[in-house]
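Structure below is upload.cif: mmCIF, C-alpha atoms.
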data_run
loop_
_atom_site.label_atom_id
_atom_site.label_comp_id
_atom_site.auth_asym_id
_atom_site.auth_seq_id
_atom_site.Cartn_x
_atom_site.Cartn_y
_atom_site.Cartn_z
CA MET A 1 94.37 -96.07 -38.24
CA ASN A 2 91.19 -95.17 -36.42
CA ASN A 3 92.74 -94.08 -33.13
CA GLN A 4 94.24 -90.65 -32.73
CA ALA A 5 97.68 -90.28 -31.25
CA PRO A 6 97.15 -89.39 -27.66
CA SER A 7 100.26 -87.32 -27.31
CA SER A 8 99.50 -85.04 -30.14
CA GLY A 9 95.92 -84.74 -28.97
CA ALA A 10 97.03 -83.78 -25.48
CA HIS A 11 99.52 -81.06 -26.37
CA ALA A 12 97.87 -79.46 -29.38
CA SER A 13 95.69 -76.41 -28.99
CA ILE A 14 92.13 -77.36 -28.17
CA LEU A 15 90.69 -74.60 -30.32
CA ARG A 16 90.49 -76.59 -33.55
CA GLY A 17 88.96 -79.59 -31.84
CA ALA A 18 86.62 -77.46 -29.77
CA LEU A 19 85.37 -75.61 -32.84
CA ALA A 20 84.75 -78.92 -34.59
CA SER A 21 82.99 -80.15 -31.46
CA LEU A 22 80.82 -77.04 -31.37
CA GLY A 23 80.04 -77.51 -35.04
CA VAL A 24 78.63 -80.91 -34.18
CA ARG A 25 76.81 -79.47 -31.16
CA LEU A 26 75.08 -76.94 -33.42
CA PHE A 27 72.84 -79.83 -34.41
CA ASP A 28 71.42 -79.27 -30.91
CA LEU A 29 69.73 -76.09 -32.08
CA PRO A 30 67.36 -77.68 -34.62
CA SER A 31 67.07 -81.00 -32.79
CA ARG A 32 67.02 -80.32 -29.05
CA TYR A 33 65.19 -77.02 -29.41
CA GLY A 34 62.94 -78.57 -32.02
CA PHE A 35 62.07 -81.10 -29.34
CA HIS A 36 61.20 -78.38 -26.82
CA LEU A 37 59.34 -76.37 -29.46
CA LEU A 38 57.20 -79.36 -30.36
CA VAL A 39 56.41 -80.06 -26.72
CA ALA A 40 55.71 -76.45 -25.77
CA ALA A 41 53.73 -75.46 -28.86
CA SER A 42 51.75 -78.70 -29.18
CA LEU A 43 50.89 -79.29 -25.54
CA GLY A 44 50.45 -75.72 -24.30
CA VAL A 45 51.55 -74.23 -20.99
CA MET A 46 49.57 -76.56 -18.69
CA GLU A 47 50.25 -79.88 -20.43
CA SER A 48 53.89 -79.04 -21.12
CA GLY A 49 54.19 -78.33 -17.39
CA ARG A 50 52.96 -81.88 -16.66
CA PHE A 51 55.41 -83.30 -19.21
CA TYR A 52 58.38 -81.42 -17.75
CA ILE A 53 57.57 -82.57 -14.23
CA VAL A 54 57.85 -86.19 -15.39
CA PHE A 55 60.80 -85.39 -17.67
CA SER A 56 62.67 -83.91 -14.69
CA ILE A 57 61.93 -86.90 -12.45
CA VAL A 58 63.10 -89.33 -15.14
CA ASN A 59 66.34 -87.43 -15.74
CA THR A 60 67.08 -87.27 -12.02
CA LEU A 61 66.55 -90.99 -11.48
CA ALA A 62 68.51 -91.78 -14.64
CA GLY A 63 71.47 -90.00 -13.06
CA PHE A 64 71.21 -92.32 -10.06
CA GLY A 65 71.17 -95.20 -12.52
CA ARG A 66 74.63 -94.42 -13.86
CA LEU A 67 76.27 -92.85 -10.79
CA GLY A 68 78.84 -90.90 -12.80
CA VAL A 69 80.34 -94.05 -14.31
CA ASP A 70 80.19 -92.50 -17.80
CA ARG A 71 82.53 -89.69 -16.72
CA ALA A 72 84.77 -92.10 -14.84
CA LEU A 73 85.00 -94.13 -18.05
CA THR A 74 85.95 -91.01 -20.03
CA ARG A 75 88.81 -90.28 -17.65
CA GLN A 76 89.93 -93.91 -17.45
CA LEU A 77 90.14 -94.36 -21.21
CA ALA A 78 91.87 -90.99 -21.71
CA VAL A 79 94.49 -91.84 -19.08
CA ASP A 80 94.97 -95.40 -20.38
CA THR A 81 95.54 -94.26 -23.95
CA ALA A 82 97.83 -91.41 -22.87
CA SER A 83 99.88 -93.74 -20.66
CA GLY A 84 100.25 -96.58 -23.14
CA ARG A 85 97.95 -98.99 -21.28
CA GLU A 86 95.83 -99.88 -24.31
CA GLY A 87 95.22 -103.40 -23.05
CA GLY A 88 92.86 -102.14 -20.35
CA VAL A 89 90.62 -100.08 -22.62
CA ARG A 90 88.15 -102.76 -23.67
CA PRO A 91 87.85 -104.50 -20.28
CA ALA A 92 87.26 -101.14 -18.57
CA THR A 93 84.50 -100.35 -21.06
CA ARG A 94 82.77 -103.66 -20.42
CA SER A 95 83.03 -103.17 -16.67
CA ALA A 96 81.45 -99.72 -16.88
CA MET A 97 78.61 -101.07 -19.03
CA ARG A 98 77.77 -103.80 -16.53
CA VAL A 99 77.61 -101.36 -13.63
CA VAL A 100 75.36 -98.97 -15.54
CA VAL A 101 72.95 -101.68 -16.71
CA LEU A 102 72.52 -103.02 -13.17
CA MET A 103 71.96 -99.62 -11.57
CA SER A 104 69.63 -98.48 -14.36
CA LEU A 105 67.40 -101.50 -13.90
CA VAL A 106 67.12 -100.70 -10.18
CA ALA A 107 66.21 -97.07 -10.95
CA THR A 108 63.61 -98.18 -13.52
CA ALA A 109 61.98 -100.55 -11.04
CA LEU A 110 61.87 -97.87 -8.34
CA LEU A 111 60.19 -95.28 -10.55
CA ALA A 112 57.68 -97.75 -11.99
CA GLY A 113 56.88 -99.21 -8.56
CA PHE A 114 56.51 -95.95 -6.68
CA ALA A 115 54.88 -93.86 -9.42
CA THR A 116 51.38 -94.05 -7.93
CA PRO A 117 52.21 -93.13 -4.31
CA VAL A 118 54.58 -90.37 -5.43
CA ALA A 119 51.94 -88.90 -7.75
CA ASP A 120 49.25 -89.14 -5.05
CA PHE A 121 51.02 -88.14 -1.85
CA VAL A 122 54.10 -86.16 -2.92
CA MET A 123 53.07 -84.36 -6.10
CA HIS A 124 49.35 -84.24 -5.20
CA LYS A 125 48.67 -84.88 -8.89
CA PRO A 126 47.30 -88.45 -9.27
CA ASP A 127 47.07 -88.08 -13.05
CA LEU A 128 50.89 -88.15 -13.23
CA ALA A 129 51.14 -91.81 -12.13
CA LEU A 130 50.78 -93.33 -15.62
CA PRO A 131 53.13 -90.78 -17.27
CA MET A 132 55.78 -91.58 -14.65
CA MET A 133 55.44 -95.31 -15.31
CA LEU A 134 55.92 -94.71 -19.03
CA GLY A 135 58.80 -92.36 -18.36
CA ALA A 136 60.59 -95.15 -16.46
CA LEU A 137 61.02 -96.97 -19.79
CA ALA A 138 63.50 -94.31 -20.89
CA ILE A 139 65.97 -94.75 -18.02
CA LEU A 140 67.92 -97.80 -19.23
CA PRO A 141 68.35 -96.75 -22.89
CA GLN A 142 69.16 -93.18 -21.82
CA ASN A 143 71.92 -94.40 -19.51
CA LEU A 144 73.31 -96.85 -22.04
CA SER A 145 73.58 -94.07 -24.60
CA THR A 146 75.28 -91.86 -22.00
CA VAL A 147 77.92 -94.40 -20.98
CA VAL A 148 78.59 -95.17 -24.65
CA ALA A 149 79.07 -91.44 -25.21
CA GLY A 150 81.47 -91.36 -22.25
CA GLY A 151 83.52 -94.15 -23.81
CA LEU A 152 83.67 -92.38 -27.16
CA ALA A 153 84.84 -89.17 -25.44
CA GLY A 154 87.60 -91.07 -23.64
CA LEU A 155 88.81 -92.33 -27.02
CA HIS A 156 88.90 -88.69 -28.25
CA ARG A 157 85.93 -89.31 -30.56
CA VAL A 158 84.17 -86.30 -29.12
CA GLY A 159 82.06 -85.44 -32.16
CA TYR A 160 80.49 -88.89 -32.15
CA SER A 161 80.22 -88.76 -28.35
CA GLN A 162 78.24 -85.54 -28.42
CA MET A 163 76.05 -86.81 -31.23
CA VAL A 164 75.01 -89.82 -29.13
CA TYR A 165 74.77 -87.91 -25.88
CA SER A 166 73.18 -84.70 -27.06
CA TRP A 167 71.37 -84.28 -30.35
CA LEU A 168 70.66 -87.69 -31.86
CA TRP A 169 67.78 -88.69 -29.61
CA PRO A 170 65.86 -85.37 -29.87
CA ALA A 171 66.37 -85.42 -33.64
CA ILE A 172 64.79 -88.88 -33.79
CA PHE A 173 62.02 -87.68 -31.48
CA CYS A 174 61.19 -84.71 -33.73
CA VAL A 175 61.01 -86.83 -36.87
CA ALA A 176 58.74 -89.38 -35.18
CA ALA A 177 56.54 -86.77 -33.48
CA LEU A 178 55.79 -84.57 -36.51
CA PRO A 179 53.02 -86.80 -37.93
CA LEU A 180 51.24 -86.85 -34.55
CA VAL A 181 51.58 -83.08 -34.24
CA PHE A 182 50.09 -82.51 -37.69
CA LEU A 183 47.22 -84.88 -36.89
CA LYS A 184 46.70 -83.13 -33.51
CA GLN A 185 47.09 -86.47 -31.74
CA PHE A 186 50.19 -85.50 -29.73
CA THR A 187 49.78 -85.96 -25.96
CA VAL A 188 52.00 -86.20 -22.88
CA LEU A 189 51.86 -90.01 -23.07
CA HIS A 190 52.89 -89.98 -26.73
CA ALA A 191 55.80 -87.67 -25.91
CA LEU A 192 57.08 -89.99 -23.16
CA LEU A 193 56.82 -93.12 -25.30
CA LEU A 194 58.59 -91.42 -28.20
CA MET A 195 61.32 -90.23 -25.83
CA ALA A 196 62.00 -93.81 -24.68
CA ALA A 197 62.06 -95.10 -28.27
CA SER A 198 64.44 -92.31 -29.30
CA PHE A 199 66.88 -93.23 -26.55
CA VAL A 200 66.78 -96.88 -27.65
CA MET A 201 67.78 -95.91 -31.18
CA ALA A 202 70.49 -93.50 -29.98
CA ALA A 203 71.97 -96.18 -27.73
CA GLY A 204 72.03 -98.63 -30.65
CA VAL A 205 73.86 -96.19 -32.92
CA GLY A 206 76.32 -95.37 -30.13
CA ALA A 207 77.04 -99.03 -29.43
CA VAL A 208 77.91 -99.64 -33.08
CA LEU A 209 80.27 -96.65 -33.11
CA LEU A 210 81.96 -97.60 -29.84
CA ARG A 211 82.51 -101.16 -31.03
CA ARG A 212 84.11 -99.84 -34.20
CA PHE A 213 86.52 -97.49 -32.40
CA LEU A 214 87.45 -100.11 -29.80
CA SER A 215 88.43 -102.63 -32.46
CA PRO A 216 92.10 -101.46 -32.80
CA TYR A 217 92.74 -101.99 -29.10
CA PRO A 218 93.93 -105.39 -27.84
CA ASN A 219 91.68 -107.49 -25.65
CA THR A 220 94.49 -108.74 -23.44
CA GLY A 221 94.11 -106.43 -20.45
CA HIS A 222 92.50 -107.42 -17.21
CA ALA A 223 90.27 -104.88 -15.53
CA ALA A 224 89.45 -106.82 -12.37
CA HIS A 225 91.01 -104.05 -10.30
CA GLU A 226 88.90 -101.53 -12.18
CA LYS A 227 85.65 -103.22 -11.24
CA GLN A 228 86.13 -102.50 -7.57
CA HIS A 229 87.10 -98.87 -8.24
CA PHE A 230 84.65 -97.91 -10.99
CA LEU A 231 81.80 -97.27 -8.60
CA ALA A 232 84.00 -95.32 -6.17
CA ARG A 233 85.41 -93.16 -8.97
CA GLY A 234 82.03 -92.88 -10.59
CA LEU A 235 80.45 -91.72 -7.32
CA SER A 236 82.99 -88.91 -7.07
CA PHE A 237 82.13 -87.80 -10.60
CA PHE A 238 78.48 -88.36 -9.75
CA THR A 239 78.56 -85.51 -7.26
CA LEU A 240 79.24 -83.26 -10.27
CA GLU A 241 76.57 -84.93 -12.36
CA LEU A 242 74.15 -84.95 -9.43
CA THR A 243 74.63 -81.23 -9.01
CA GLN A 244 73.94 -80.66 -12.70
CA LEU A 245 70.95 -83.01 -12.62
CA MET A 246 69.50 -81.41 -9.50
CA ILE A 247 69.96 -77.91 -10.91
CA ALA A 248 68.28 -79.00 -14.15
CA ALA A 249 65.46 -81.08 -12.68
CA VAL A 250 64.67 -80.22 -9.04
CA PRO A 251 63.34 -76.69 -9.67
CA ALA A 252 60.65 -78.09 -11.97
CA ILE A 253 59.86 -80.83 -9.44
CA ALA A 254 59.68 -78.24 -6.63
CA LEU A 255 57.35 -76.11 -8.72
CA GLY A 256 55.27 -79.20 -9.44
CA ILE A 257 54.84 -79.73 -5.70
CA ALA A 258 54.45 -76.15 -4.46
CA ALA A 259 53.11 -74.27 -7.50
CA SER A 260 50.84 -74.72 -10.50
CA PRO A 261 51.65 -76.58 -13.73
CA GLN A 262 51.53 -73.16 -15.42
CA GLN A 263 54.45 -71.91 -13.28
CA THR A 264 56.29 -75.14 -14.03
CA GLY A 265 55.75 -74.68 -17.75
CA LEU A 266 56.98 -71.07 -17.67
CA PHE A 267 60.13 -72.03 -15.79
CA ALA A 268 60.80 -75.11 -17.91
CA LEU A 269 60.71 -73.20 -21.18
CA ALA A 270 62.79 -70.27 -19.88
CA TRP A 271 65.33 -72.76 -18.54
CA ARG A 272 65.57 -74.53 -21.90
CA ILE A 273 66.29 -71.23 -23.65
CA ALA A 274 68.91 -70.27 -21.05
CA LEU A 275 70.54 -73.64 -21.62
CA ILE A 276 71.72 -72.49 -25.05
CA ASN A 277 74.76 -71.24 -23.15
CA LEU A 278 75.16 -74.69 -21.61
CA LEU A 279 75.31 -76.04 -25.16
CA PHE A 280 78.45 -73.95 -25.69
CA ILE A 281 79.90 -74.90 -22.30
CA ASN A 282 79.32 -78.62 -22.78
CA GLY A 283 80.49 -78.53 -26.38
CA VAL A 284 83.87 -77.07 -25.45
CA THR A 285 84.20 -78.97 -22.17
CA GLY A 286 83.39 -82.26 -23.89
CA MET A 287 86.42 -81.79 -26.12
CA ALA A 288 88.65 -80.40 -23.36
CA ALA A 289 87.89 -82.91 -20.56
CA PRO A 290 89.88 -85.89 -21.92
CA LYS A 291 92.72 -83.51 -22.79
CA PHE A 292 92.70 -82.24 -19.21
CA ALA A 293 93.17 -85.83 -18.01
CA ALA A 294 95.98 -86.53 -20.49
CA LEU A 295 97.83 -83.28 -19.72
CA HIS A 296 97.59 -83.92 -15.99
CA ALA A 297 98.89 -87.47 -16.49
CA ARG A 298 101.99 -85.87 -18.08
CA ASN A 299 102.21 -83.22 -15.30
CA ASP A 300 101.97 -80.45 -17.91
CA LEU A 301 100.44 -77.67 -15.79
CA HIS A 302 101.33 -74.96 -18.30
CA GLY A 303 99.51 -76.84 -21.06
CA LEU A 304 96.61 -77.49 -18.68
CA ASN A 305 96.20 -73.79 -17.88
CA ARG A 306 96.49 -72.88 -21.56
CA SER A 307 93.85 -75.40 -22.58
CA ALA A 308 91.50 -74.30 -19.80
CA ALA A 309 91.94 -70.64 -20.80
CA GLN A 310 91.25 -71.46 -24.45
CA ALA A 311 88.06 -73.26 -23.40
CA ILE A 312 86.82 -70.33 -21.31
CA GLY A 313 87.71 -67.75 -23.98
CA LEU A 314 85.89 -69.65 -26.69
CA VAL A 315 82.79 -70.17 -24.53
CA LEU A 316 82.66 -66.48 -23.63
CA CYS A 317 82.94 -65.41 -27.28
CA LEU A 318 79.89 -67.53 -28.05
CA ALA A 319 77.87 -66.96 -24.88
CA LEU A 320 78.08 -63.17 -24.53
CA PRO A 321 75.98 -62.26 -27.61
CA VAL A 322 73.40 -64.95 -26.82
CA THR A 323 73.13 -63.80 -23.20
CA ALA A 324 72.68 -60.20 -24.37
CA CYS A 325 69.68 -61.29 -26.46
CA MET A 326 68.17 -63.11 -23.47
CA LEU A 327 68.58 -60.04 -21.28
CA LEU A 328 67.31 -57.52 -23.84
CA PHE A 329 64.58 -59.44 -25.70
CA PRO A 330 63.26 -62.23 -23.44
CA GLU A 331 59.60 -61.69 -24.34
CA ARG A 332 60.27 -62.13 -28.05
CA LEU A 333 62.30 -65.29 -27.50
CA LEU A 334 59.58 -66.85 -25.36
CA ALA A 335 56.72 -65.78 -27.65
CA VAL A 336 58.17 -67.95 -30.42
CA PHE A 337 56.99 -71.02 -28.49
CA GLY A 338 53.36 -69.92 -28.29
CA PRO A 339 50.93 -67.69 -26.39
CA GLY A 340 51.28 -67.38 -22.64
CA TYR A 341 55.01 -68.02 -22.40
CA SER A 342 56.06 -64.34 -22.45
CA ALA A 343 55.12 -64.14 -18.76
CA GLY A 344 58.41 -65.93 -18.07
CA ALA A 345 60.57 -63.01 -19.27
CA THR A 346 61.97 -62.13 -15.82
CA THR A 347 62.62 -65.81 -15.14
CA LEU A 348 64.66 -66.02 -18.35
CA ARG A 349 66.71 -62.94 -17.44
CA ILE A 350 67.60 -64.39 -14.03
CA LEU A 351 68.60 -67.74 -15.51
CA ALA A 352 70.69 -66.06 -18.22
CA ILE A 353 72.77 -64.28 -15.58
CA GLY A 354 73.52 -67.57 -13.83
CA GLN A 355 74.56 -69.18 -17.11
CA LEU A 356 76.87 -66.24 -17.85
CA VAL A 357 78.72 -66.82 -14.59
CA ALA A 358 79.04 -70.50 -15.52
CA ALA A 359 80.54 -69.48 -18.87
CA CYS A 360 83.24 -67.45 -17.07
CA PHE A 361 84.40 -70.67 -15.37
CA ALA A 362 83.59 -73.12 -18.17
CA GLY A 363 85.10 -76.55 -17.64
CA MET A 364 86.42 -75.90 -14.13
CA PRO A 365 84.33 -78.59 -12.36
CA ASP A 366 85.33 -81.12 -15.03
CA LEU A 367 88.96 -80.05 -14.73
CA LEU A 368 88.91 -80.90 -11.02
CA GLY A 369 87.48 -84.31 -11.79
CA MET A 370 89.86 -85.07 -14.64
CA THR A 371 92.87 -84.09 -12.50
CA ALA A 372 91.78 -86.42 -9.67
CA HIS A 373 90.89 -83.65 -7.18
CA LEU A 374 87.70 -85.47 -6.37
CA ALA A 375 87.44 -84.55 -2.68
CA ALA A 376 87.36 -80.84 -3.52
CA LEU A 377 84.85 -81.52 -6.29
CA ARG A 378 82.59 -83.41 -3.90
CA THR A 379 82.70 -80.62 -1.32
CA ILE A 380 81.86 -77.94 -3.88
CA ASN A 381 79.02 -79.96 -5.32
CA PHE A 382 77.45 -80.76 -1.95
CA ILE A 383 77.53 -77.10 -0.93
CA SER A 384 76.03 -76.14 -4.30
CA LEU A 385 73.21 -78.60 -3.74
CA GLY A 386 72.61 -77.07 -0.34
CA VAL A 387 72.39 -73.61 -1.90
CA LEU A 388 69.91 -74.93 -4.47
CA LEU A 389 67.66 -76.81 -2.06
CA VAL A 390 67.54 -74.06 0.57
CA GLY A 391 66.89 -71.47 -2.13
CA LEU A 392 64.03 -73.51 -3.60
CA LEU A 393 62.53 -74.17 -0.17
CA VAL A 394 62.50 -70.47 0.66
CA LEU A 395 61.78 -68.87 -2.72
CA VAL A 396 59.44 -71.20 -4.65
CA PRO A 397 56.37 -70.97 -2.37
CA THR A 398 56.31 -67.17 -2.67
CA GLY A 399 58.14 -66.47 -5.92
CA GLY A 400 56.96 -69.28 -8.21
CA SER A 401 59.02 -69.56 -11.39
CA MET A 402 61.07 -66.44 -10.57
CA GLY A 403 61.96 -67.80 -7.14
CA ALA A 404 63.05 -71.07 -8.72
CA ALA A 405 65.17 -69.11 -11.20
CA VAL A 406 66.95 -67.18 -8.42
CA ALA A 407 67.73 -70.39 -6.51
CA THR A 408 68.96 -72.09 -9.69
CA SER A 409 71.21 -69.21 -10.73
CA LEU A 410 72.73 -68.90 -7.25
CA ALA A 411 73.61 -72.61 -7.25
CA ILE A 412 75.09 -72.41 -10.76
CA ALA A 413 77.17 -69.34 -9.95
CA PHE A 414 78.51 -70.80 -6.70
CA ASN A 415 79.40 -74.13 -8.28
CA ALA A 416 81.30 -72.55 -11.17
CA ALA A 417 83.15 -69.90 -9.15
CA ALA A 418 84.08 -72.31 -6.35
CA ALA A 419 85.48 -74.80 -8.87
CA GLY A 420 87.56 -72.03 -10.41
CA TRP A 421 88.94 -71.05 -7.01
CA ALA A 422 89.72 -74.71 -6.16
CA ALA A 423 91.63 -75.11 -9.42
CA HIS A 424 93.70 -72.06 -8.49
CA ARG A 425 94.34 -73.25 -4.93
CA LEU A 426 95.14 -76.89 -5.74
CA LEU A 427 96.83 -76.62 -9.13
CA GLY A 428 97.95 -73.01 -9.34
CA LEU A 429 95.72 -72.45 -12.38
CA PHE A 430 93.78 -69.27 -13.05
CA PRO A 431 92.60 -69.56 -16.65
CA LEU A 432 90.07 -66.72 -16.39
CA ALA A 433 92.92 -64.35 -15.51
CA THR A 434 94.85 -65.71 -18.49
CA VAL A 435 91.88 -64.92 -20.74
CA TRP A 436 91.64 -61.39 -19.31
CA HIS A 437 95.35 -60.70 -19.72
CA GLY A 438 95.26 -62.01 -23.27
CA LEU A 439 92.34 -59.69 -24.04
CA LEU A 440 94.18 -56.68 -22.60
CA ILE A 441 97.25 -57.45 -24.68
CA ARG A 442 95.16 -57.57 -27.84
CA LEU A 443 93.37 -54.33 -26.99
CA ARG A 444 96.53 -52.44 -26.03
CA PRO A 445 97.59 -50.11 -28.85
CA VAL A 446 100.84 -50.94 -30.54
CA ARG A 447 103.58 -48.51 -29.65
CA GLY A 448 106.35 -49.58 -31.94
CA GLY A 449 109.29 -47.22 -32.17
CA ARG A 450 108.32 -45.25 -29.02
CA GLY A 451 110.38 -45.00 -25.89
CA SER A 452 109.33 -46.78 -22.77
#

Please re-express this file's structure in structure tokens.
Amino acid sequence: MNNQAPSSGAHASILRGALASLGVRLFDLPSRYGFHLLVAASLGVMESGRFYIVFSIVNTLAGFGRLGVDRALTRQLAVDTASGREGGVRPATRSAMRVVVLMSLVATALLAGFATPVADFVMHKPDLALPMMLGALAILPQNLSTVVAGGLAGLHRVGYSQMVYSWLWPAIFCVAALPLVFLKQFTVLHALLLMAASFVMAAGVGAVLLRRFLSPYPNTGHAAHEKQHFLARGLSFFTLELTQLMIAAVPAIALGIAASPQQTGLFALAWRIALINLLFINGVTGMAAPKFAALHARNDLHGLNRSAAQAIGLVLCLALPVTACMLLFPERLLAVFGPGYSAGATTLRILAIGQLVAACFAGMPDLLGMTAHLAALRTINFISLGVLLVGLLVLVPTGGSMGAAVATSLAIAFNAAAAGWAAHRLLGLFPLATVWHGLLIRLRPVRGGRGS
């Protein structure tokens, strides 16, 4: 049978699944970083800066085109399967798809229609109008692949989910771009067109997989009540996604407005290297999130704390050595991508510190969402956005890429730590303390046979 038993999946240790999930996510290293290497090395600092300005705008608008529905679908399917409501799985999936398609078309039309005035009057870079129009083509397929990945995660098919969401499209991009790179015909416009085509192919593969794993479920449920709630639930999750999108995209956009393309390029590449830690966080959280929802549905707080602690411990084991390399050898890491990028060494160090704080509270924002503490999640995310935007407004005009890095790291650190505190206050969970106590127990020397 294709479907895993929800009960066993909810109560078993997440370590085995998380390690398998991370094994799949390791495809990110050659694919996603191959993508950034191709862009950075082939376009150079200035042109890659132009690409990342458009890339950031597209990703931000794509988030508004799905409004967190993909995460709401993950939670809904995980809860349905854990609670024995299999009849609602397929109707809920169809409902989520319809919402995402409609909103994505609106976002595509907005970007295509307003590309010229935004490029002229906001960015003060008229040559970005055509790239933004081409970038708009990627919004719908990107969002379809994301909601498909959310459905696969809710069915506990996390390896396939992360393939569709994370590494498949950049792998396709790299294969398609190599001939143009060798012929020295690779431009910003080519990169944007290839990105859209890669998302189309990833969405197609994901749709085939989702259809296959939905086939065992009956089609007798009625999800009319879900239609009216999907957007509301999705919007609550969207505050988390919006925070992540804004942290990932707005610094580059702010640099594009207030600084040079060179500063944008330096920040963009340093940020992509720092995001190696996010690969670990997302890899573990992607496996843990549906389990959080299932455990909470069973009111198993002990299992929830244990799973959250396992997630944080595993992320820290992976992130600490990588962060040490970023802090000690940033120039060497950046020089791999070509001449001129080593100037972003301090920017990389600052971003690495922010990612390390996020690793200490890995999965905490998702845990709040999966346990239906959406009001607290919204509050934390809105404050985090305020920290980011105020920091960018104050620091980018004078600090360039380093100022953007400080604002970004402050927002990341606040969001992660505040989510950890909210989980402790609302659920009585403190998984980071559990990790620390477990480490102390393992380091304590054995004193067998001695008196107390």

**Study point:** Length of the atom CA of Ala413 of chain A to atom CA of Leu314 of chain A vector [Å]
**Key:**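 A separation of 18.9 Å between them.
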
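Here the PyMOL selection byres ((chain A and resi 245) around 10) catches exactly these residues: Ser56, Ile57, Asn59, Thr60, Leu61, Ala62, Gly63, Phe64, Phe238, Thr239, Leu240, Glu241, Leu242, Thr243, Gln244, Met246, Ile247, Ala248, Ala249 and Val250 of chain A.
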
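Interatomic distance, atom CA of Cys360 of chain A to atom CA of Gly420 of chain A: 9.2 Å.
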
Review point. Near segment 160-164 of chain A, within 8 Å and counting only C-alpha atoms, which residues show up once chain neighbours fewer than 4 positions away are dropped, as a count of residues only?
Key: 20

**Study point:** Separation of atom CA of Ala96 of chain A from atom CA of Val69 of chain A in Å
**Key:** 6.3 Å

Check your understanding: Can you list what the PyMOL selection byres ((chain A and resi 397-402) around 6) grabs from this structure, as a list in words?
Key ->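 That selection, the PyMOL selection byres ((chain A and resi 397-402) around 6), comes back as Ala258, Gln263, Phe267, Thr347, Leu395, Val396, Gly403, Ala404 and Ala405 of chain A.
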
Point to revise | Which of A:Ala407, A:Cys317, A:Leu189, A:Ile257 sits closest to Gly354 of chain A [using only C-alpha atoms] | key: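 The closest residue to Gly354 of chain A is A:Ala407.
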
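Nearest-residue note for Ser48 of chain A: choosing from A:Ala138, A:Ala207, A:Ala268, A:Met103, the minimum distance belongs to A:Ala268, counting all atoms listed in the file.
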
Point to revise | Selection dump of the PyMOL selection byres ((chain A and resi 380) around 12), as a ChimeraX atom specification | key: /A:236-237,239-240,242-243,364-365,368-369,373-379,381-387,411-423

**Study point:** Nearest candidate to His296 of chain A (options A:Arg90, A:Arg85, A:Arg442, A:Arg75; using only C-alpha atoms)
**Key:**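 The answer is A:Arg75, which sits nearest to His296 of chain A.
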
Point to revise | Pick from A:Phe213, A:Phe186, A:Tyr52, A:Phe337, whichever lies nearest to Met132 of chain A using only C-alpha atoms | key: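 Selected residue with least distance to Met132 of chain A: A:Tyr52.
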
Point to revise | Distance query Leu432 of chain A at most 10 Å, all atoms listed in the file, self and fewer than 6 positions along chain excluded, as a ChimeraX atom specification | key: /A:305,308-313,360-362,420,438

Give me the box for segment 240-250 of chain A as lines of an AutoDock Vina configuration file, namely the centre and edge lengths in Å to one decimal of a box along x, y and z that holds every listed atom plus 5 Å on each side.
center_x = 72.0
center_y = -81.4
center_z = -11.6
size_x = 24.6
size_y = 17.0
size_z = 15.1

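Near Gly34 of chain A, within 12 Å and counting all atoms listed in the file, sit Phe27, Asp28, Ala40, Ala41, Ser42, Trp167, Leu168, Trp169, Pro170, Ala171, Ile172, Phe173, Cys174, Val175, Ala177, Leu178, Arg272, Ile273, Val336 and Phe337 of chain A; same-chain residues fewer than 6 positions away were not included.
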
Check your understanding: With only C-alpha atoms as the atoms that count, which of A:Thr408, A:Thr346, A:Asn219, A:Asn299 lies nearest to Pro91 of chain A?
Key ->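 Ranking A:Thr408, A:Thr346, A:Asn219, A:Asn299 by distance to Pro91 of chain A, first place goes to A:Asn219.
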
Review point. Any idea what's packed within 10 Å of Ala112 of chain A, counting all atoms listed in the file, ignoring anything in its chain fewer than 2 positions away? Could you give it as a ChimeraX atom specification?
Key: /A:107-110,114-116,129-137
